[in-house]
>>> print(open('model.cif').read())   # mmCIF, C-alpha atoms
data_start
#
loop_
_atom_site.label_atom_id
_atom_site.label_comp_id
_atom_site.auth_asym_id
_atom_site.auth_seq_id
_atom_site.Cartn_x
_atom_site.Cartn_y
_atom_site.Cartn_z
CA MET A 308 88.40 114.20 75.84
CA ALA A 309 91.80 113.28 74.47
CA GLN A 310 93.32 114.71 77.64
CA SER A 311 91.20 112.58 79.93
CA PHE A 312 91.85 109.47 77.86
CA ASN A 313 95.55 110.17 78.07
CA SER A 314 95.56 110.60 81.84
CA HIS A 315 93.48 107.45 82.15
CA THR A 316 96.02 105.36 80.26
CA THR A 317 98.83 106.98 82.28
CA HIS A 318 97.02 105.95 85.43
CA LEU A 319 96.58 102.38 84.22
CA HIS A 320 100.18 102.14 83.13
CA GLN A 321 101.37 103.47 86.48
CA ARG A 322 99.14 101.03 88.31
CA ARG A 323 100.74 98.16 86.41
CA THR A 324 104.22 99.39 87.37
CA VAL A 325 103.13 99.73 90.98
CA TRP A 326 101.70 96.20 91.06
CA LEU A 327 104.83 94.79 89.48
CA GLY A 328 106.93 96.57 92.11
CA LEU A 329 104.69 95.33 94.91
CA ALA A 330 104.90 91.75 93.62
CA LEU A 331 108.70 92.01 93.52
CA ALA A 332 108.70 93.54 97.02
CA ILE A 333 106.73 90.57 98.38
CA VAL A 334 109.00 88.02 96.68
CA LEU A 335 112.19 89.73 97.91
CA ASP A 336 110.76 90.10 101.40
CA THR A 337 109.75 86.43 101.55
CA ILE A 338 113.17 85.13 100.50
CA ALA A 339 114.95 87.60 102.81
CA GLN A 340 112.81 86.57 105.78
CA ILE A 341 113.39 82.86 105.16
CA CYS A 342 117.17 83.46 104.91
CA TRP A 343 116.99 85.51 108.09
CA LYS A 344 115.08 82.76 109.87
CA PHE A 345 117.69 80.15 108.90
CA ALA A 346 120.59 82.46 109.81
CA VAL A 347 119.14 83.19 113.27
CA GLY A 348 118.31 79.49 113.69
CA HIS A 349 122.00 78.64 113.37
CA VAL A 350 122.82 80.77 116.39
CA PRO A 351 122.57 78.86 119.69
CA ASP A 352 120.08 80.30 122.19
CA THR A 353 122.39 79.79 125.12
CA ILE A 354 124.88 82.54 124.31
CA GLY A 355 124.40 86.15 125.36
CA LEU A 356 122.73 88.97 123.49
CA TRP A 357 125.89 90.56 122.16
CA GLU A 358 127.62 87.28 121.25
CA GLY A 359 124.46 86.22 119.42
CA PHE A 360 124.41 89.47 117.51
CA VAL A 361 128.06 89.15 116.53
CA SER A 362 127.73 85.52 115.44
CA ILE A 363 124.77 86.38 113.17
CA LEU A 364 127.04 88.85 111.38
CA SER A 365 129.21 85.99 110.11
CA GLU A 366 126.34 83.86 108.77
CA PRO A 367 126.39 83.61 104.94
CA LEU A 368 122.58 83.53 104.81
CA PHE A 369 122.57 86.78 106.75
CA HIS A 370 124.65 88.33 103.97
CA VAL A 371 122.18 87.07 101.37
CA ALA A 372 119.37 88.65 103.39
CA LEU A 373 121.26 91.95 103.50
CA LEU A 374 121.75 91.92 99.72
CA LEU A 375 118.04 91.24 99.23
CA PHE A 376 117.19 94.12 101.59
CA LEU A 377 119.37 96.41 99.47
CA LEU A 378 117.55 95.38 96.27
CA GLN A 379 114.30 95.80 98.14
CA PHE A 380 115.25 99.36 99.05
CA PHE A 381 115.61 100.47 95.42
CA ASN A 382 112.48 98.60 94.37
CA TRP A 383 110.54 100.14 97.24
CA MET A 384 111.64 103.63 96.24
CA ILE A 385 110.27 103.07 92.72
CA VAL A 386 106.98 101.94 94.24
CA LEU A 387 106.76 104.85 96.68
CA ALA A 388 107.60 107.36 93.95
CA GLN A 389 104.30 106.41 92.35
CA ALA A 390 101.95 105.04 94.97
CA ASP A 391 100.47 106.24 98.26
CA LEU A 392 102.21 104.89 101.36
CA SER A 393 98.80 103.92 102.79
CA TYR A 394 98.23 101.89 99.61
CA ALA A 395 101.60 100.21 99.13
CA GLN A 396 102.62 99.42 102.72
CA PRO A 397 99.58 97.37 103.84
CA ILE A 398 99.64 95.40 100.57
CA THR A 399 103.07 94.07 101.54
CA ALA A 400 101.25 92.25 104.37
CA LEU A 401 100.81 89.58 101.68
CA SER A 402 104.32 88.49 102.64
CA TYR A 403 102.79 86.98 105.81
CA VAL A 404 100.90 84.65 103.48
CA THR A 405 103.90 83.83 101.29
CA VAL A 406 106.25 83.38 104.28
CA SER A 407 103.70 81.01 105.85
CA GLY A 408 103.52 79.07 102.59
CA ALA A 409 107.30 78.90 102.30
CA SER A 410 107.65 77.85 105.95
CA MET A 411 105.19 75.04 105.39
CA ALA A 412 107.09 73.84 102.33
CA LEU A 413 110.66 74.31 103.64
CA LEU A 414 110.37 73.93 107.41
CA HIS A 415 107.36 71.58 107.40
CA GLU A 416 105.37 73.85 109.68
CA HIS A 417 101.73 72.92 110.04
CA LEU A 418 98.78 75.06 109.05
CA THR A 419 96.37 75.32 111.98
CA PRO A 420 92.73 76.41 111.46
CA LEU A 421 93.40 79.65 113.37
CA ARG A 422 96.36 80.44 111.11
CA LEU A 423 94.26 79.69 108.04
CA ILE A 424 91.59 82.17 109.19
CA GLY A 425 94.29 84.78 109.89
CA LEU A 426 95.83 84.37 106.45
CA SER A 427 92.40 84.61 104.81
CA MET A 428 91.71 87.85 106.69
CA ILE A 429 94.99 89.31 105.42
CA LEU A 430 94.10 88.32 101.85
CA LEU A 431 90.68 89.93 102.20
CA GLY A 432 92.21 93.07 103.72
CA VAL A 433 94.71 93.40 100.89
CA TRP A 434 91.89 92.90 98.41
CA PHE A 435 90.00 95.85 99.95
CA ILE A 436 93.06 98.10 99.73
CA SER A 437 93.87 97.04 96.16
CA ARG A 438 90.41 98.25 95.10
CA THR A 439 91.29 101.87 95.98
CA SER A 440 93.17 104.21 93.66
CA HIS A 441 96.92 103.77 94.16
CA ARG A 442 97.58 107.48 94.37
CA THR A 443 95.76 110.38 96.02
CA ALA A 444 95.15 112.91 93.26
CA GLY A 445 96.43 116.44 93.63
CA VAL A 446 98.05 116.08 97.03
CA VAL A 447 101.59 116.05 95.75
CA PRO A 448 102.24 118.22 92.70
CA ASP A 449 102.39 115.95 89.68
CA ARG A 450 105.59 117.56 88.51
CA GLY A 451 107.32 115.44 85.93
CA GLU A 452 104.75 112.65 86.09
CA GLU A 453 104.58 112.26 82.31
CA GLN A 454 108.27 112.78 81.99
CA PHE A 455 109.03 110.23 84.70
CA ARG A 456 106.98 107.66 82.85
CA ALA A 457 108.48 108.46 79.46
CA GLU A 458 112.03 108.35 80.78
CA SER A 459 111.61 105.15 82.76
CA LEU A 460 110.21 103.42 79.70
CA ARG A 461 113.21 104.28 77.58
CA MET B 259 111.55 95.43 135.04
CA SER B 260 109.93 92.18 133.95
CA PRO B 261 111.22 90.64 130.69
CA ARG B 262 107.73 90.87 129.24
CA LEU B 263 107.42 94.60 129.87
CA LEU B 264 110.92 95.15 128.51
CA GLY B 265 110.02 93.14 125.40
CA LEU B 266 106.82 95.12 124.85
CA MET B 267 108.80 98.33 125.17
CA PHE B 268 111.20 97.15 122.46
CA VAL B 269 108.29 96.16 120.19
CA THR B 270 106.66 99.56 120.63
CA MET B 271 109.88 101.33 119.76
CA ALA B 272 110.40 99.07 116.73
CA VAL B 273 106.85 99.71 115.50
CA LEU B 274 107.18 103.47 115.88
CA LEU B 275 110.53 103.43 114.09
CA GLU B 276 109.04 101.35 111.26
CA ALA B 277 106.21 103.86 110.76
CA VAL B 278 108.48 106.91 110.91
CA GLY B 279 111.02 105.19 108.63
CA GLN B 280 108.35 104.44 106.03
CA LEU B 281 107.15 108.03 106.21
CA ALA B 282 110.69 109.29 105.68
CA PHE B 283 111.16 106.91 102.71
CA LYS B 284 107.94 108.15 101.17
CA GLN B 285 109.03 111.77 101.52
CA GLY B 286 112.45 110.92 100.10
CA ALA B 287 110.91 109.14 97.11
CA GLU B 288 108.56 112.05 96.47
CA SER B 289 111.36 114.59 96.43
CA ALA B 290 113.60 112.33 94.33
CA ARG B 291 110.98 111.72 91.66
CA ALA B 292 111.16 115.40 90.73
CA ASN B 293 114.23 114.30 88.73
CA ALA B 294 113.26 112.69 85.45
CA GLY B 295 113.66 108.99 84.83
CA LEU B 296 114.64 105.96 86.83
CA TRP B 297 118.28 106.99 87.04
CA GLY B 298 117.21 110.48 88.11
CA LEU B 299 115.11 108.93 90.87
CA PHE B 300 118.06 106.91 92.17
CA ARG B 301 120.37 109.94 91.93
CA GLY B 302 117.82 111.93 93.91
CA LEU B 303 118.04 109.38 96.74
CA TRP B 304 121.74 110.06 97.20
CA ARG B 305 122.42 112.57 100.01
CA ASN B 306 118.69 112.84 100.57
CA ARG B 307 118.07 113.68 104.21
CA SER B 308 114.70 111.90 104.39
CA VAL B 309 116.18 108.71 102.95
CA ALA B 310 119.05 108.86 105.45
CA VAL B 311 116.57 109.23 108.31
CA GLY B 312 114.58 106.28 106.93
CA ILE B 313 117.64 104.03 106.73
CA GLY B 314 118.68 105.05 110.24
CA CYS B 315 115.22 104.17 111.55
CA PHE B 316 115.36 100.72 109.98
CA VAL B 317 118.81 99.87 111.27
CA ILE B 318 117.78 100.74 114.85
CA GLU B 319 114.47 98.96 114.33
CA VAL B 320 116.19 95.69 113.42
CA VAL B 321 118.19 95.85 116.65
CA PHE B 322 115.02 96.53 118.69
CA TRP B 323 113.13 93.69 117.00
CA THR B 324 115.94 91.26 117.69
CA MET B 325 115.93 92.32 121.35
CA ALA B 326 112.13 92.11 121.54
CA LEU B 327 112.11 88.56 120.19
CA ARG B 328 114.59 87.52 122.84
CA PHE B 329 112.20 88.62 125.61
CA LEU B 330 108.81 87.97 124.06
CA ASP B 331 106.93 85.06 122.63
CA ILE B 332 105.98 85.34 118.94
CA SER B 333 102.31 85.15 119.97
CA ILE B 334 102.67 88.57 121.60
CA ALA B 335 105.36 90.17 119.44
CA PHE B 336 103.57 89.47 116.15
CA PRO B 337 100.19 91.07 116.94
CA ALA B 338 101.93 94.00 118.65
CA GLY B 339 104.17 94.47 115.62
CA SER B 340 101.19 94.59 113.28
CA LEU B 341 100.19 97.87 114.90
CA CYS B 342 102.62 99.50 112.47
CA PHE B 343 99.90 99.17 109.80
CA VAL B 344 97.71 101.43 111.91
CA PHE B 345 100.48 103.94 112.59
CA VAL B 346 101.38 104.09 108.89
CA ALA B 347 97.73 104.64 107.92
CA VAL B 348 97.31 107.42 110.51
CA LEU B 349 100.58 109.13 109.57
CA SER B 350 99.74 108.84 105.85
CA ARG B 351 96.40 110.47 106.48
CA PHE B 352 97.47 113.32 108.74
CA TRP B 353 101.10 113.92 107.76
CA LEU B 354 101.13 113.12 104.02
CA HIS B 355 97.44 114.04 103.55
CA GLU B 356 96.73 110.88 101.61
CA GLN B 357 93.15 109.87 101.04
CA VAL B 358 92.59 107.01 103.47
CA GLY B 359 88.97 106.09 102.83
CA VAL B 360 86.68 103.49 104.36
CA GLU B 361 88.00 100.72 102.12
CA ARG B 362 91.61 101.24 103.21
CA TRP B 363 90.58 101.31 106.88
CA ILE B 364 88.60 98.09 106.46
CA GLY B 365 91.64 96.57 104.74
CA VAL B 366 94.03 97.66 107.49
CA SER B 367 91.66 96.36 110.20
CA LEU B 368 91.36 92.97 108.50
CA ILE B 369 95.15 92.72 108.15
CA LEU B 370 95.56 93.67 111.80
CA GLY B 371 93.11 90.96 112.89
CA GLY B 372 94.70 88.44 110.55
CA VAL B 373 98.22 89.03 111.85
CA ALA B 374 96.93 88.80 115.44
CA LEU B 375 95.34 85.39 114.71
CA ILE B 376 98.57 84.14 113.10
CA GLY B 377 100.44 85.19 116.24
CA LEU B 378 97.99 83.32 118.45
CA SER B 379 98.03 80.14 116.35
#
>>> encode(input="model.cif", output="structure tokens")
Amino acid sequence: MAQSFNSHTTHLHQRRTVWLGLALAIVLDTIAQICWKFAVGHVPDTIGLWEGFVSILSEPLFHVALLLFLLQFFNWMIVLAQADLSYAQPITALSYVTVSGASMALLHEHLTPLRLIGLSMILLGVWFISRTSHRTAGVVPDRGEEQFRAESLR
Amino acid sequence: MSPRLLGLMFVTMAVLLEAVGQLAFKQGAESARANAGLWGLFRGLWRNRSVAVGIGCFVIEVVFWTMALRFLDISIAFPAGSLCFVFVAVLSRFWLHEQVGVERWIGVSLILGGVALIGLS
């Protein structure tokens, strides 16, 4: 009884950490993508493939995007250490919604009915996935699960 | 080779690399979490072969995506790129043996359709 209560609270706590990590992943991804979009936008279309590639490398916004990707990497590892890949990865599709929102606000892009339906479908899809348990039980040995939690809380 | 075919080839490569990269990251994270604590996790990522493979995949993927977008319209590249959700779900199921039930498949299908519509709009 006490055992099952304990594992239940562990599960809930882990789920909260996973959701926090996923939220951060979506925010980082959104800002990185917007920076990327601006950086690429500064490069003229007329120049060749290689010249375009080289000129992106010197864009400050490109450097910001790289830094955000680095942060994203560590955040993503924390998420993946605790959640199924088939749970965490599709939930990041929410960044399509946030990038669309940001593009509307910053780049004054218009929201067409078709795009609205698409975004709603993504939201619904993410809702379906978020209803499932974030981690398949017993597939990966739960070595150090309790310890991992205790240590990361310290 | 037509630009469109070339572009689709780049997208396919990018999508496959994305799925394999995610798989490698997942395996890296799983092996690293054997070390206790957050710091232990990060230390476990250092000189981790799976993580290195994952990073390699993403670097090449970015190059392929950039190429693809030069040859393809967003309305084709976007829906094609969303196929990575399917590849990741399949690989998670058969390689990592994760439980991918009906709800996750419904979710992935809806996301796939949604991204396709955004590409078309």
>>> residues_near_point(input="model.cif", point="(95.9, 88.3, 116.5)", cutoff="10 Å", atoms="all atoms listed in the file", output="number ranges by chain")
A: 421-422, 425; B: 333-334, 336-338, 340, 369-379
>>> interface_residues(input="model.cif", of="chain A", to="chain B", cutoff="6 Å", atoms="only C-alpha atoms", output="NGL selection string")
:A and (384 or 387-388 or 393 or 421-422 or 425-426 or 428-429 or 432-433 or 435-436 or 443 or 455 or 458-459)
>>> residues_around(input="model.cif", residues="segment 259-275 of chain B", least_positions_apart="6", cutoff="7 Å", atoms="all atoms listed in the file", output="tab-separated table (two decimals) with C-alpha atoms, in the frame of the given file")
chain	number	residue	atom	x	y	z
B	315	CYS	CA	115.22	104.17	111.55
B	316	PHE	CA	115.36	100.72	109.98
B	319	GLU	CA	114.47	98.96	114.33
B	322	PHE	CA	115.02	96.53	118.69
B	323	TRP	CA	113.13	93.69	117.00
B	325	MET	CA	115.93	92.32	121.35
B	326	ALA	CA	112.13	92.11	121.54
B	329	PHE	CA	112.20	88.62	125.61
B	330	LEU	CA	108.81	87.97	124.06
B	335	ALA	CA	105.36	90.17	119.44
B	338	ALA	CA	101.93	94.00	118.65
B	339	GLY	CA	104.17	94.47	115.62
B	341	LEU	CA	100.19	97.87	114.90
B	342	CYS	CA	102.62	99.50	112.47
>>> atom_distance(input="model.cif", atom1="atom CA of Phe345 of chain A", atom2="atom CA of Leu414 of chain A")
9.7 Å
>>> resolve_selection(input="model.cif", expression="the PyMOL selection byres ((chain A and resi 334-339) around 9)", output="PyMOL selection string")
chain A and resi 329-333+340-344+368-369+371-376+378-379+399+402-403+405-406+409
>>> atom_distance(input="model.cif", atom1="atom CA of Ala346 of chain A", atom2="atom CA of Val361 of chain A")
12.1 Å
>>> atom_distance(input="model.cif", atom1="atom CA of Gly408 of chain A", atom2="atom CA of Ser427 of chain A")
12.6 Å
>>> residues_around(input="model.cif", residues="Ser440 of chain A", least_positions_apart="5", cutoff="10 Å", atoms="all atoms listed in the file", output="MDAnalysis selection string")
(chainID A and resid 318 322 390:391 394) or (chainID B and resid 357)
>>> resolve_selection(input="model.cif", expression="the PyMOL selection byres ((chain A and resi 366) around 9)", output="VMD selection string")
chain A and resid 346 to 347 349 to 350 362 to 365 367 to 370
>>> closest_residue(input="model.cif", among="A:Gly359, A:Val404, A:His417, A:His315", to="Leu431 of chain A", atoms="only C-alpha atoms")
A:Val404
>>> closest_residue(input="model.cif", among="A:Ser437, A:Pro351, A:Gln389, A:Trp357", to="Thr317 of chain A", atoms="only C-alpha atoms")
A:Gln389
>>> closest_residue(input="model.cif", among="A:Ile424, A:Ile398, A:Ala412, A:Ile385", to="Thr439 of chain A", atoms="all atoms listed in the file")
A:Ile398
>>> axis_aligned_box(input="model.cif", around="segment 322-331 of chain A", padding_each_side="5 Å", output="AutoDock Vina command-line options")
--center_x 103.9 --center_y 96.4 --center_z 90.7 --size_x 19.6 --size_y 19.3 --size_z 18.5
>>> closest_residue(input="model.cif", among="A:Arg438, A:Ser314, A:Glu416, A:Phe360", to="Val320 of chain B", atoms="only C-alpha atoms")
A:Phe360
